[in-house]
Amino acid sequence: MPPLHDDLSLPFQIEQCDVRGRLVRLGPALDRILSRHAYPEPVAQLLAEAMILAATMATALKFDGIFSLQAKGDGPVSTLVADCRTPGHLRGYANFDAERLEGLELGPGAERALVPLLLGKGYLAFTIDPQGPDMERYQGIVDLSGSTLAEAAHAYFAQSEQLNARVVLGAAHRRGADGRRYWRGGGILLQQLPAQAGGLSDEDRDLAWEKTTALLSTTRMDELCDPGLSQNDLLFRLFHEDGVRVFEPSALIDACTCSSDKVRGILSTFSPEELADMADADGVITVTCQFCSAAYDFRADTVKA
């Protein structure tokens with residue numbers, strides 16, 4: 001397998017600090033997901049950060065299944081959904097009110113306050129849906145708080161995690177060599193490891209955590225999004241003093257779960273009268289996937305068959 005340079009999740013450990021982490025880099029996969037919908041730029045950036053956050057958290061967990069993030073608010077963006085399915089399949093979408101969005105004044109620095117500007121007041125939910133028998137679904141919900149999705153995630157970590165965790169996120173629309181603009185993004189998640197017998201003292205663990213999170217906070221968005229800065233070089237730049245060690249990366253893929261059979265199965269649960277109401281003048285029902293914008297056409301009078 002050739003080395004991964006983009007669309008990846010890279011696990012790492014900061015040897016002397018009892019800290020592990022994940023670095024996520026998204027390029028072509030992120031651009032394809034966002035380009036299908038032609039979202040306004042601030043909406044696309046918010047959704048990009050949501051997908052990066054979902055990918056960093058999902059790939060840091062050892063489970064097979066689906067990790068999903070959902071935000072609902074009373075702002076111009078009413079719903080934000082991103083999920084990551086084993087082994088790294090990503091998808092996401094946003095619902096927004098175009099008229100309310102046009103009425104906003106999004107000047108310089110707006111990217112640092114997208115949560116209150118776009119989502120407003122509401123909640124952020126993280127759901128872990130593992131596969132397999134006797135596996136229980138878990139969901140954690142917190143009020144939307146802070147100015148960014150990273151800050152909202154920190155509120156979730158503080159409420160739900162037994163160990164310290166911290167994340168930085170970034171996404172940007174960059175112009176490529178061909179003159180076209182592409183979406184890129186990245187994120188880094190740090191988690192403090194459980195205390196080990198014979199390991200660092202409580203005081204040293206606290207100091208080490210303060211140091212690593214202070215270094216993490218110096219990460220710039222251009223570093224997270226720069227295709228010319230490798231993931232290893234970025235981690236070395238941040239944490240080399242304490243011995244950062246990287247492991248094998250895993251691929252992240254733009255992949256939806258919709259299919260003609262699934263859509264037909266959903267339609268078949270409706271009555272003939274309801275199907276007739278859904279159809280156009282030619283008797284055709286068109287269903288468009290919210291995630292990938294794929295359109296499926298069915299004749300209303302053949303759905304039950």
# chains A, B, ... in the order shown; residues from 1 in each chain; ligands from 1
call {"tool": "select_by_dssp", "arguments": {"residues": "region 25-187 of chain A", "states": "strand (DSSP E or B)", "output": "PyMOL selection string"}}
result
chain A and resi 25-26+65-73+77-85+89-96+122-130+138-143+165-175+181-187
call {"tool": "write_last_selection", "arguments": {"atoms": "C-alpha atoms", "output": "mmCIF file, in the first residue's frame"}}
result
data_model
loop_
_atom_site.group_PDB
_atom_site.id
_atom_site.type_symbol
_atom_site.label_atom_id
_atom_site.label_comp_id
_atom_site.auth_asym_id
_atom_site.auth_seq_id
_atom_site.Cartn_x
_atom_site.Cartn_y
_atom_site.Cartn_z
ATOM 1 C CA ARG A 25 -6.027 15.490 7.309
ATOM 2 C CA LEU A 26 -8.799 15.842 4.707
ATOM 3 C CA GLY A 65 -19.790 0.798 13.841
ATOM 4 C CA ILE A 66 -20.900 4.386 13.335
ATOM 5 C CA PHE A 67 -19.840 7.516 15.194
ATOM 6 C CA SER A 68 -22.108 10.462 14.471
ATOM 7 C CA LEU A 69 -22.210 14.122 15.390
ATOM 8 C CA GLN A 70 -25.417 16.112 15.213
ATOM 9 C CA ALA A 71 -25.965 19.765 16.049
ATOM 10 C CA LYS A 72 -29.373 21.428 16.122
ATOM 11 C CA GLY A 73 -29.903 25.111 16.742
ATOM 12 C CA VAL A 77 -28.183 26.540 10.143
ATOM 13 C CA SER A 78 -30.854 24.419 11.789
ATOM 14 C CA THR A 79 -29.167 21.021 11.456
ATOM 15 C CA LEU A 80 -25.598 19.825 11.053
ATOM 16 C CA VAL A 81 -24.826 16.106 10.687
ATOM 17 C CA ALA A 82 -21.507 14.303 10.208
ATOM 18 C CA ASP A 83 -20.697 10.656 10.690
ATOM 19 C CA CYS A 84 -17.751 8.326 10.345
ATOM 20 C CA ARG A 85 -18.338 4.618 9.802
ATOM 21 C CA HIS A 89 -16.211 6.233 5.618
ATOM 22 C CA LEU A 90 -17.301 9.872 5.928
ATOM 23 C CA ARG A 91 -20.457 11.753 5.022
ATOM 24 C CA GLY A 92 -22.236 14.895 6.197
ATOM 25 C CA TYR A 93 -24.868 17.497 5.387
ATOM 26 C CA ALA A 94 -26.286 20.800 6.658
ATOM 27 C CA ASN A 95 -29.779 22.301 6.521
ATOM 28 C CA PHE A 96 -29.889 26.083 6.405
ATOM 29 C CA GLY A 122 -29.319 24.448 20.703
ATOM 30 C CA TYR A 123 -27.533 21.192 21.425
ATOM 31 C CA LEU A 124 -24.668 19.039 20.219
ATOM 32 C CA ALA A 125 -25.039 15.260 20.299
ATOM 33 C CA PHE A 126 -22.405 12.544 19.847
ATOM 34 C CA THR A 127 -23.656 9.021 19.185
ATOM 35 C CA ILE A 128 -21.686 5.759 19.178
ATOM 36 C CA ASP A 129 -23.590 2.949 17.458
ATOM 37 C CA PRO A 130 -21.412 -0.191 17.590
ATOM 38 C CA TYR A 138 -24.432 5.391 23.528
ATOM 39 C CA GLN A 139 -25.325 9.057 23.146
ATOM 40 C CA GLY A 140 -23.954 12.131 24.898
ATOM 41 C CA ILE A 141 -25.658 15.522 24.574
ATOM 42 C CA VAL A 142 -24.481 18.992 25.617
ATOM 43 C CA ASP A 143 -25.795 22.489 25.054
ATOM 44 C CA ALA A 165 -9.164 15.708 26.052
ATOM 45 C CA ARG A 166 -8.554 18.688 23.774
ATOM 46 C CA VAL A 167 -9.020 19.332 20.046
ATOM 47 C CA VAL A 168 -8.146 21.907 17.395
ATOM 48 C CA LEU A 169 -9.947 22.103 14.043
ATOM 49 C CA GLY A 170 -9.424 24.036 10.853
ATOM 50 C CA ALA A 171 -10.834 24.149 7.322
ATOM 51 C CA ALA A 172 -10.172 26.516 4.424
ATOM 52 C CA HIS A 173 -11.039 27.086 0.781
ATOM 53 C CA ARG A 174 -7.690 27.157 -1.041
ATOM 54 C CA ARG A 175 -6.854 27.900 -4.653
ATOM 55 C CA ARG A 181 -10.666 26.423 -5.287
ATOM 56 C CA TYR A 182 -10.538 23.297 -3.141
ATOM 57 C CA TRP A 183 -11.656 22.584 0.402
ATOM 58 C CA ARG A 184 -9.029 21.280 2.791
ATOM 59 C CA GLY A 185 -9.067 20.730 6.533
ATOM 60 C CA GLY A 186 -7.406 19.129 9.497
ATOM 61 C CA GLY A 187 -7.683 18.506 13.184
#
call {"tool": "residues_around", "arguments": {"residues": "Gly146 (chain A)", "least_positions_apart": "4", "cutoff": "8 Å", "atoms": "only C-alpha atoms", "output": "PyMOL selection string"}}
result
chain A and resi 115-116+151-152
call {"tool": "closest_residue", "arguments": {"among": "A:Leu238, A:Cys289, A:Ala276, A:Leu114", "to": "Cys256 (chain A)", "atoms": "only C-alpha atoms"}}
result
A:Cys289
call {"tool": "closest_residue", "arguments": {"among": "A:Ile266, A:Leu104, A:Val303, A:Leu190", "to": "Ala214 (chain A)", "atoms": "only C-alpha atoms"}}
result
A:Leu190
call {"tool": "closest_residue", "arguments": {"among": "A:Gln13, A:Ser160, A:Leu149, A:Lys121", "to": "Leu53 (chain A)", "atoms": "only C-alpha atoms"}}
result
A:Leu149
call {"tool": "residues_around", "arguments": {"residues": "Asp280 (chain A)", "least_positions_apart": "4", "cutoff": "10 Å", "atoms": "only C-alpha atoms", "output": "PyMOL selection string"}}
result
chain A and resi 276+284-286+299-300
call {"tool": "atom_distance", "arguments": {"atom1": "CA of Pro40 (chain A)", "atom2": "CA of Leu101 (chain A)"}}
result
8.8 Å
call {"tool": "residues_around", "arguments": {"residues": "Asn232 (chain A)", "least_positions_apart": "3", "cutoff": "8 Å", "atoms": "only C-alpha atoms", "output": "list in words"}}
result
Leu235, Phe236 and Val246 of chain A
call {"tool": "write_last_selection", "arguments": {"atoms": "C-alpha atoms", "output": "short mmCIF file (atom, residue, chain, number, x, y, z; two decimals), in the first residue's frame"}}
result
data_model
loop_
_atom_site.label_atom_id
_atom_site.label_comp_id
_atom_site.auth_asym_id
_atom_site.auth_seq_id
_atom_site.Cartn_x
_atom_site.Cartn_y
_atom_site.Cartn_z
CA LEU A 235 3.52 16.78 14.81
CA PHE A 236 7.30 17.09 15.08
CA VAL A 246 3.55 8.06 15.14
#
